[in-house]
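Notes for the one structure printed next.
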Amino acid sequence: MRRRGAVQRKLPCLFVTEVKEEPSAKRQRQPFKVLATETLNEKALEADIYNAIPTEKVDGTCCYVTTYKGRPYLWARLDRRPNKQAEKRFKQFLYSLEDCKEFIWNFEEDFKPVPDTWIPAKEVEFSNGNPLPDENGHMPGWVPVEKNSKQYCWHSSVVNYEAEIALVLKHHADPGLLEISPVPLAELLEQTLELIGTNINANPYGLGSRKQPVHLLVPHGAFEIKNPPSLNQNDILSWFEGCSEGKVEGIVWHCRDGCLIKLHRHHLGLCWPLAETYLNSQPVVVSFNRNDYDCDFGPKSLFHHFSNLDGQRFDRLKDIKFDG
């Protein structure tokens, strides 16, 4: 049986949602909207949402750090999906309004191949030794990011396996200041993180450029919201639209029982990305003393560039530029 990776489930929304069709958007990839009602989700109430810690939902791609080849490695998200024929059968079954749990999958023939190194996420259920797809017909999982990987080159750019470190964006000890620094991969073991940057999700934070791309890892839950709105839809709408701290993709509440609850701007009919975001407008300092590491960083690597900026402070995260 395969190893099991970190939990990677679809997070429930803070509010009960409803699907609304968009007649004018028939040519769009998704001709409908999932919008929040004013009713709190029962799952959120059961998880004691009123005592949860609200954090910024960061817009990137999910990653995971766990061991591979006996060492801590960065892993990229890879959902195993059905092939065209199986997906067609599955959709026909869903449209028949039957219980999707009764759909019978052929595990050997219905799914697209994945690398031998692929592992399913921890919440994936098994039947007779086979991972079971979720309600969308997908099997969430992970693949290790190899050094100099072409497919996952932006993931690879934020880790150095020789020094066993990753480039991480987090809060500095000084309030109101961010910090970019190398963090030992061993300290990130069994954590999930978000990869953000120039070539991820159309770069909502305006990092780097095509000539000099910048990518960073952000641990999930790293940015706690200091002045969150109350759990009322009107108050949350006002918070998103009326204050600088609300210029975020969404909120993820971390509940005491480990449950995560989310709310995306789109759930309230608000736009994202924004021209200015809370994250990219904060000051940041680079803390990276290359003398702490007994290895050579390639002259084109992010590690080389950021080590050259050691001690430098920028007024805004998106102002970071490399010389040359």
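Ordered as shown in the structure tokens, chains take letters A, B, and onward, while each chain numbers its residues from 1 and ligands are numbered from 1 in the order shown.
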Which neighbours of Phe314 in chain A fall inside 7 Å, counting only C-alpha atoms, when residues of the same chain fewer than 5 positions from it are skipped, and could you give them as a ChimeraX atom specification? /A:283-285,319-320
Okay, now the selection with N, CA, C and O atoms, as a CSV table (one decimal), in the first residue's frame?
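This went into selection04.csv:
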```csv
chain,number,residue,atom,x,y,z
A,283,PRO,N,5.7,46.0,4.3
A,283,PRO,CA,7.2,46.0,4.2
A,283,PRO,C,7.8,44.7,4.5
A,283,PRO,O,7.2,43.9,5.3
A,284,VAL,N,9.0,44.4,4.0
A,284,VAL,CA,9.6,43.1,4.1
A,284,VAL,C,11.1,43.3,4.2
A,284,VAL,O,11.7,44.2,3.6
A,285,VAL,N,11.7,42.4,5.0
A,285,VAL,CA,13.2,42.4,5.1
A,285,VAL,C,13.7,41.0,4.7
A,285,VAL,O,13.0,40.0,5.0
A,319,ASP,N,7.9,45.2,-4.2
A,319,ASP,CA,9.0,46.1,-4.6
A,319,ASP,C,10.4,45.4,-4.8
A,319,ASP,O,11.4,45.9,-5.2
A,320,ILE,N,10.4,44.1,-4.3
A,320,ILE,CA,11.7,43.3,-4.3
A,320,ILE,C,12.2,43.2,-5.8
A,320,ILE,O,11.5,42.7,-6.7
```
Quick one: which range 16-116 of chain A residues come within 9 Å of range 198-221 of chain A, and what is the nearest atom pair for each with the distance in Å to one decimal, counting only C-alpha atoms, rows ordered by chain and ascending number, as a tab-separated table?
```
residue	atom	partner	partner_atom	distance
A:Ile53	CA	A:Gly221	CA	8.8
A:Pro54	CA	A:Gly221	CA	8.3
A:Thr55	CA	A:Gly221	CA	5.6
A:Glu56	CA	A:Gly221	CA	7.1
A:Lys57	CA	A:Gly221	CA	8.0
A:Val58	CA	A:Val218	CA	8.0
A:Asp59	CA	A:Pro204	CA	7.3
A:Gly60	CA	A:Ile200	CA	6.0
A:Thr61	CA	A:Ile200	CA	7.0
A:Cys63	CA	A:Leu217	CA	8.5
```
Dump of N, CA, C and O atoms for the selected residues, as a PDB file, in the first residue's frame:
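Everything below was put into selection26.pdb:
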```
ATOM      1  N   ILE A  53      -9.247  30.630  14.974  1.00  0.00           N
ATOM      2  CA  ILE A  53      -8.259  31.667  14.639  1.00  0.00           C
ATOM      3  C   ILE A  53      -8.380  31.988  13.146  1.00  0.00           C
ATOM      4  O   ILE A  53      -8.143  31.125  12.296  1.00  0.00           O
ATOM      5  N   PRO A  54      -8.744  33.231  12.800  1.00  0.00           N
ATOM      6  CA  PRO A  54      -8.860  33.604  11.387  1.00  0.00           C
ATOM      7  C   PRO A  54      -7.500  33.959  10.785  1.00  0.00           C
ATOM      8  O   PRO A  54      -6.708  34.678  11.392  1.00  0.00           O
ATOM      9  N   THR A  55      -7.217  33.409   9.613  1.00  0.00           N
ATOM     10  CA  THR A  55      -5.948  33.684   8.931  1.00  0.00           C
ATOM     11  C   THR A  55      -6.207  34.055   7.481  1.00  0.00           C
ATOM     12  O   THR A  55      -7.270  33.743   6.924  1.00  0.00           O
ATOM     13  N   GLU A  56      -5.233  34.710   6.873  1.00  0.00           N
ATOM     14  CA  GLU A  56      -5.371  35.081   5.462  1.00  0.00           C
ATOM     15  C   GLU A  56      -5.297  33.848   4.573  1.00  0.00           C
ATOM     16  O   GLU A  56      -4.412  33.010   4.729  1.00  0.00           O
ATOM     17  N   LYS A  57      -6.241  33.748   3.644  1.00  0.00           N
ATOM     18  CA  LYS A  57      -6.182  32.706   2.610  1.00  0.00           C
ATOM     19  C   LYS A  57      -5.263  33.215   1.516  1.00  0.00           C
ATOM     20  O   LYS A  57      -5.566  34.193   0.830  1.00  0.00           O
ATOM     21  N   VAL A  58      -4.128  32.568   1.356  1.00  0.00           N
ATOM     22  CA  VAL A  58      -3.107  33.006   0.394  1.00  0.00           C
ATOM     23  C   VAL A  58      -3.347  32.321  -0.952  1.00  0.00           C
ATOM     24  O   VAL A  58      -3.625  31.119  -1.016  1.00  0.00           O
ATOM     25  N   ASP A  59      -3.231  33.088  -2.022  1.00  0.00           N
ATOM     26  CA  ASP A  59      -3.543  32.612  -3.366  1.00  0.00           C
ATOM     27  C   ASP A  59      -2.300  32.048  -4.047  1.00  0.00           C
ATOM     28  O   ASP A  59      -1.463  32.800  -4.563  1.00  0.00           O
ATOM     29  N   GLY A  60      -2.165  30.722  -4.035  1.00  0.00           N
ATOM     30  CA  GLY A  60      -1.034  30.072  -4.684  1.00  0.00           C
ATOM     31  C   GLY A  60      -1.387  28.642  -5.020  1.00  0.00           C
ATOM     32  O   GLY A  60      -2.535  28.322  -5.314  1.00  0.00           O
ATOM     33  N   THR A  61      -0.387  27.762  -4.987  1.00  0.00           N
ATOM     34  CA  THR A  61      -0.626  26.338  -5.203  1.00  0.00           C
ATOM     35  C   THR A  61      -0.107  25.569  -3.994  1.00  0.00           C
ATOM     36  O   THR A  61       0.958  25.896  -3.444  1.00  0.00           O
ATOM     37  N   CYS A  63       1.458  22.933  -1.423  1.00  0.00           N
ATOM     38  CA  CYS A  63       2.645  22.075  -1.350  1.00  0.00           C
ATOM     39  C   CYS A  63       2.665  21.373   0.004  1.00  0.00           C
ATOM     40  O   CYS A  63       1.900  21.703   0.915  1.00  0.00           O
TER      41      CYS A  63
END
```
As a CSV table (one decimal) with all heavy atoms, in the first residue's frame, please: the residues near Thr37 in chain A (cut-off 7 Å, only C-alpha atoms, same-chain neighbours under 3 positions excluded).
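This went into result.csv:
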```csv
chain,number,residue,atom,x,y,z
A,15,PHE,N,-20.3,29.9,5.3
A,15,PHE,CA,-21.8,30.0,5.1
A,15,PHE,C,-22.3,28.8,4.3
A,15,PHE,O,-21.6,28.3,3.5
A,15,PHE,CB,-22.2,31.3,4.5
A,15,PHE,CG,-21.8,32.5,5.3
A,15,PHE,CD1,-20.8,33.3,4.9
A,15,PHE,CD2,-22.6,32.9,6.4
A,15,PHE,CE1,-20.4,34.5,5.7
A,15,PHE,CE2,-22.2,34.0,7.2
A,15,PHE,CZ,-21.2,34.8,6.8
A,16,VAL,N,-23.6,28.5,4.4
A,16,VAL,CA,-24.2,27.6,3.5
A,16,VAL,C,-24.2,28.3,2.1
A,16,VAL,O,-24.4,29.5,2.0
A,16,VAL,CB,-25.7,27.4,3.9
A,16,VAL,CG1,-26.4,26.6,2.8
A,16,VAL,CG2,-25.7,26.7,5.2
A,17,THR,N,-23.9,27.6,1.0
A,17,THR,CA,-23.8,28.2,-0.3
A,17,THR,C,-24.9,27.7,-1.2
A,17,THR,O,-25.6,26.7,-0.9
A,17,THR,CB,-22.4,27.8,-0.9
A,17,THR,OG1,-22.3,26.4,-1.0
A,17,THR,CG2,-21.3,28.4,-0.2
A,18,GLU,N,-25.1,28.5,-2.3
A,18,GLU,CA,-26.1,28.1,-3.3
A,18,GLU,C,-25.5,28.4,-4.6
A,18,GLU,O,-24.7,29.3,-4.8
A,18,GLU,CB,-27.4,28.8,-3.1
A,18,GLU,CG,-27.3,30.4,-3.1
A,18,GLU,CD,-28.6,31.1,-2.8
A,18,GLU,OE1,-29.5,30.4,-2.4
A,18,GLU,OE2,-28.7,32.3,-3.0
```
Residues within 10 Å of Lys91 in chain A, please, as a ChimeraX atom specification. Count only C-alpha atoms; anything in the same chain fewer than 4 positions from it doesn't count. /A:86-87,95-96,100,136-137
Write the selection just made, keeping N, CA, C and O atoms, as a compact mmCIF listing (two decimals), in the first residue's frame?
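Listed below is the output, selection.txt:
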```
# COMPACT_ATOMS: atom_id res chain seq x y z
N ALA A 86 -14.13 7.64 -18.55
CA ALA A 86 -14.65 7.46 -17.19
C ALA A 86 -15.31 8.73 -16.67
O ALA A 86 -16.33 8.68 -15.98
N GLU A 87 -14.73 9.87 -17.01
CA GLU A 87 -15.31 11.13 -16.57
C GLU A 87 -16.70 11.34 -17.18
O GLU A 87 -17.62 11.83 -16.52
N TYR A 95 -25.57 13.52 -13.16
CA TYR A 95 -26.73 14.22 -13.69
C TYR A 95 -28.02 13.42 -13.50
O TYR A 95 -29.11 13.97 -13.56
N SER A 96 -27.87 12.11 -13.27
CA SER A 96 -29.06 11.29 -13.03
C SER A 96 -29.58 11.47 -11.60
O SER A 96 -30.56 10.86 -11.21
N CYS A 100 -23.61 9.63 -5.63
CA CYS A 100 -22.35 9.36 -6.33
C CYS A 100 -21.53 8.28 -5.63
O CYS A 100 -20.63 7.70 -6.23
N ASN A 136 -15.96 14.63 -6.52
CA ASN A 136 -15.73 15.16 -7.86
C ASN A 136 -15.04 14.14 -8.78
O ASN A 136 -14.72 14.44 -9.92
N GLY A 137 -14.80 12.93 -8.24
CA GLY A 137 -14.13 11.92 -9.04
C GLY A 137 -12.62 12.04 -9.03
O GLY A 137 -11.94 11.40 -9.83
```
How would you write, as a ChimeraX atom specification, the set of residues in range 20-245 of chain A that DSSP gives as strand (DSSP E or B)? /A:20-21,32-40,53-57,61-68,71-77,80,82,111,119-121,126-127,130-131,139,141-144,159-160,165-171,178-184,192-197,215-219,224
Can you pull out every residue within 12 Å of Lys69 in chain A, counting only C-alpha atoms, but drop anything in the same chain fewer than 6 positions away, and send it as an mmCIF file with N, CA, C and O atoms, in the first residue's frame?
```
data_model
loop_
_atom_site.group_PDB
_atom_site.id
_atom_site.type_symbol
_atom_site.label_atom_id
_atom_site.label_comp_id
_atom_site.auth_asym_id
_atom_site.auth_seq_id
_atom_site.Cartn_x
_atom_site.Cartn_y
_atom_site.Cartn_z
ATOM 1 N N THR A 117 5.875 7.615 -7.784
ATOM 2 C CA THR A 117 6.163 8.263 -6.502
ATOM 3 C C THR A 117 4.934 8.954 -5.906
ATOM 4 O O THR A 117 5.005 9.469 -4.787
ATOM 5 N N PRO A 144 6.800 14.101 -5.260
ATOM 6 C CA PRO A 144 8.000 14.812 -4.816
ATOM 7 C C PRO A 144 8.551 15.704 -5.915
ATOM 8 O O PRO A 144 8.493 15.371 -7.098
ATOM 9 N N VAL A 145 9.062 16.855 -5.515
ATOM 10 C CA VAL A 145 9.673 17.804 -6.452
ATOM 11 C C VAL A 145 11.164 17.507 -6.527
ATOM 12 O O VAL A 145 11.906 17.769 -5.577
ATOM 13 N N GLU A 146 11.571 16.936 -7.646
ATOM 14 C CA GLU A 146 12.987 16.595 -7.820
ATOM 15 C C GLU A 146 13.818 17.847 -8.128
ATOM 16 O O GLU A 146 13.300 18.848 -8.646
ATOM 17 N N TYR A 161 18.203 21.238 -1.917
ATOM 18 C CA TYR A 161 18.310 19.973 -1.200
ATOM 19 C C TYR A 161 19.710 19.727 -0.658
ATOM 20 O O TYR A 161 19.885 18.956 0.285
#
```
If you count only C-alpha atoms, the residue of A:Ile251, A:Lys226, A:Phe303, A:Lys84 closest to Asp110 in chain A turns out to be A:Lys84
Please return, as a list in words, all residues of range 151-309 of chain A that DSSP assigns to alpha helix (DSSP H) on the basis of the backbone.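 The alpha helix (DSSP H) residues within range 151-309 of chain A come out as Cys153, Trp154, His155, Ser156, Gln233, Asn234, Asp235, Ile236, Leu237, Ser238, Trp239, Phe240, Glu241, Gly242, Leu302, Phe303, His304, His305, Phe306, Ser307 and Asn308 of chain A.
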Could you please take those selected residues and save N, CA, C and O atoms as a short mmCIF file (atom, residue, chain, number, x, y, z; two decimals), in the first residue's frame?
```
data_model
loop_
_atom_site.label_atom_id
_atom_site.label_comp_id
_atom_site.auth_asym_id
_atom_site.auth_seq_id
_atom_site.Cartn_x
_atom_site.Cartn_y
_atom_site.Cartn_z
N CYS A 153 9.29 23.36 -12.06
CA CYS A 153 10.49 24.20 -11.95
C CYS A 153 10.32 25.33 -10.94
O CYS A 153 11.29 25.71 -10.26
N TRP A 154 9.11 25.86 -10.80
CA TRP A 154 8.92 26.96 -9.84
C TRP A 154 8.91 26.43 -8.41
O TRP A 154 9.39 27.11 -7.49
N HIS A 155 8.40 25.23 -8.22
CA HIS A 155 8.51 24.59 -6.92
C HIS A 155 9.99 24.35 -6.59
O HIS A 155 10.46 24.64 -5.48
N SER A 156 10.71 23.83 -7.58
CA SER A 156 12.12 23.49 -7.38
C SER A 156 12.96 24.72 -7.05
O SER A 156 13.97 24.62 -6.34
N GLN A 233 -22.49 38.26 7.64
CA GLN A 233 -22.15 38.50 6.24
C GLN A 233 -21.96 39.98 5.92
O GLN A 233 -21.02 40.34 5.21
N ASN A 234 -22.80 40.85 6.45
CA ASN A 234 -22.65 42.28 6.18
C ASN A 234 -21.35 42.82 6.74
O ASN A 234 -20.67 43.64 6.11
N ASP A 235 -21.00 42.37 7.96
CA ASP A 235 -19.74 42.83 8.56
C ASP A 235 -18.53 42.34 7.77
O ASP A 235 -17.55 43.07 7.59
N ILE A 236 -18.61 41.10 7.29
CA ILE A 236 -17.51 40.55 6.50
C ILE A 236 -17.39 41.28 5.17
O ILE A 236 -16.28 41.60 4.72
N LEU A 237 -18.52 41.58 4.54
CA LEU A 237 -18.51 42.34 3.29
C LEU A 237 -17.86 43.70 3.50
O LEU A 237 -17.00 44.13 2.70
N SER A 238 -18.23 44.37 4.56
CA SER A 238 -17.66 45.69 4.86
C SER A 238 -16.16 45.59 5.12
O SER A 238 -15.39 46.47 4.72
N TRP A 239 -15.76 44.51 5.78
CA TRP A 239 -14.33 44.30 6.08
C TRP A 239 -13.55 44.08 4.80
O TRP A 239 -12.48 44.68 4.60
N PHE A 240 -14.05 43.24 3.91
CA PHE A 240 -13.37 42.99 2.63
C PHE A 240 -13.23 44.28 1.81
O PHE A 240 -12.22 44.51 1.16
N GLU A 241 -14.27 45.10 1.84
CA GLU A 241 -14.31 46.27 0.95
C GLU A 241 -13.79 47.54 1.58
O GLU A 241 -13.42 48.48 0.87
N GLY A 242 -13.74 47.58 2.93
CA GLY A 242 -13.49 48.86 3.56
C GLY A 242 -12.20 49.03 4.32
O GLY A 242 -11.92 50.13 4.82
N LEU A 302 17.38 31.58 -6.92
CA LEU A 302 16.77 32.52 -5.98
C LEU A 302 17.58 32.63 -4.70
O LEU A 302 17.64 33.69 -4.08
N PHE A 303 18.23 31.53 -4.32
CA PHE A 303 19.03 31.54 -3.10
C PHE A 303 20.21 32.49 -3.23
O PHE A 303 20.55 33.22 -2.30
N HIS A 304 20.82 32.50 -4.41
CA HIS A 304 21.93 33.42 -4.67
C HIS A 304 21.43 34.87 -4.63
O HIS A 304 22.03 35.73 -3.97
N HIS A 305 20.33 35.12 -5.32
CA HIS A 305 19.81 36.49 -5.39
C HIS A 305 19.38 37.01 -4.03
O HIS A 305 19.69 38.15 -3.66
N PHE A 306 18.67 36.18 -3.27
CA PHE A 306 18.21 36.65 -1.96
C PHE A 306 19.35 36.79 -0.96
O PHE A 306 19.33 37.68 -0.10
N SER A 307 20.37 35.95 -1.08
CA SER A 307 21.52 36.10 -0.18
C SER A 307 22.25 37.41 -0.44
O SER A 307 22.84 38.00 0.48
N ASN A 308 22.18 37.89 -1.69
CA ASN A 308 22.78 39.19 -2.01
C ASN A 308 21.99 40.35 -1.42
O ASN A 308 22.49 41.49 -1.35
#
```
Residues at most 9 Å from Glu109 in chain A, counting only C-alpha atoms, excluding those fewer than 3 positions away in the same chain, as a ChimeraX atom specification? /A:82-83,86,105-106,112
Long-range neighbours of Tyr278 in chain A as an MDAnalysis selection string, 8 Å cut-off, only C-alpha atoms, 5 positions minimum in chain: chainID A and resid 244:248
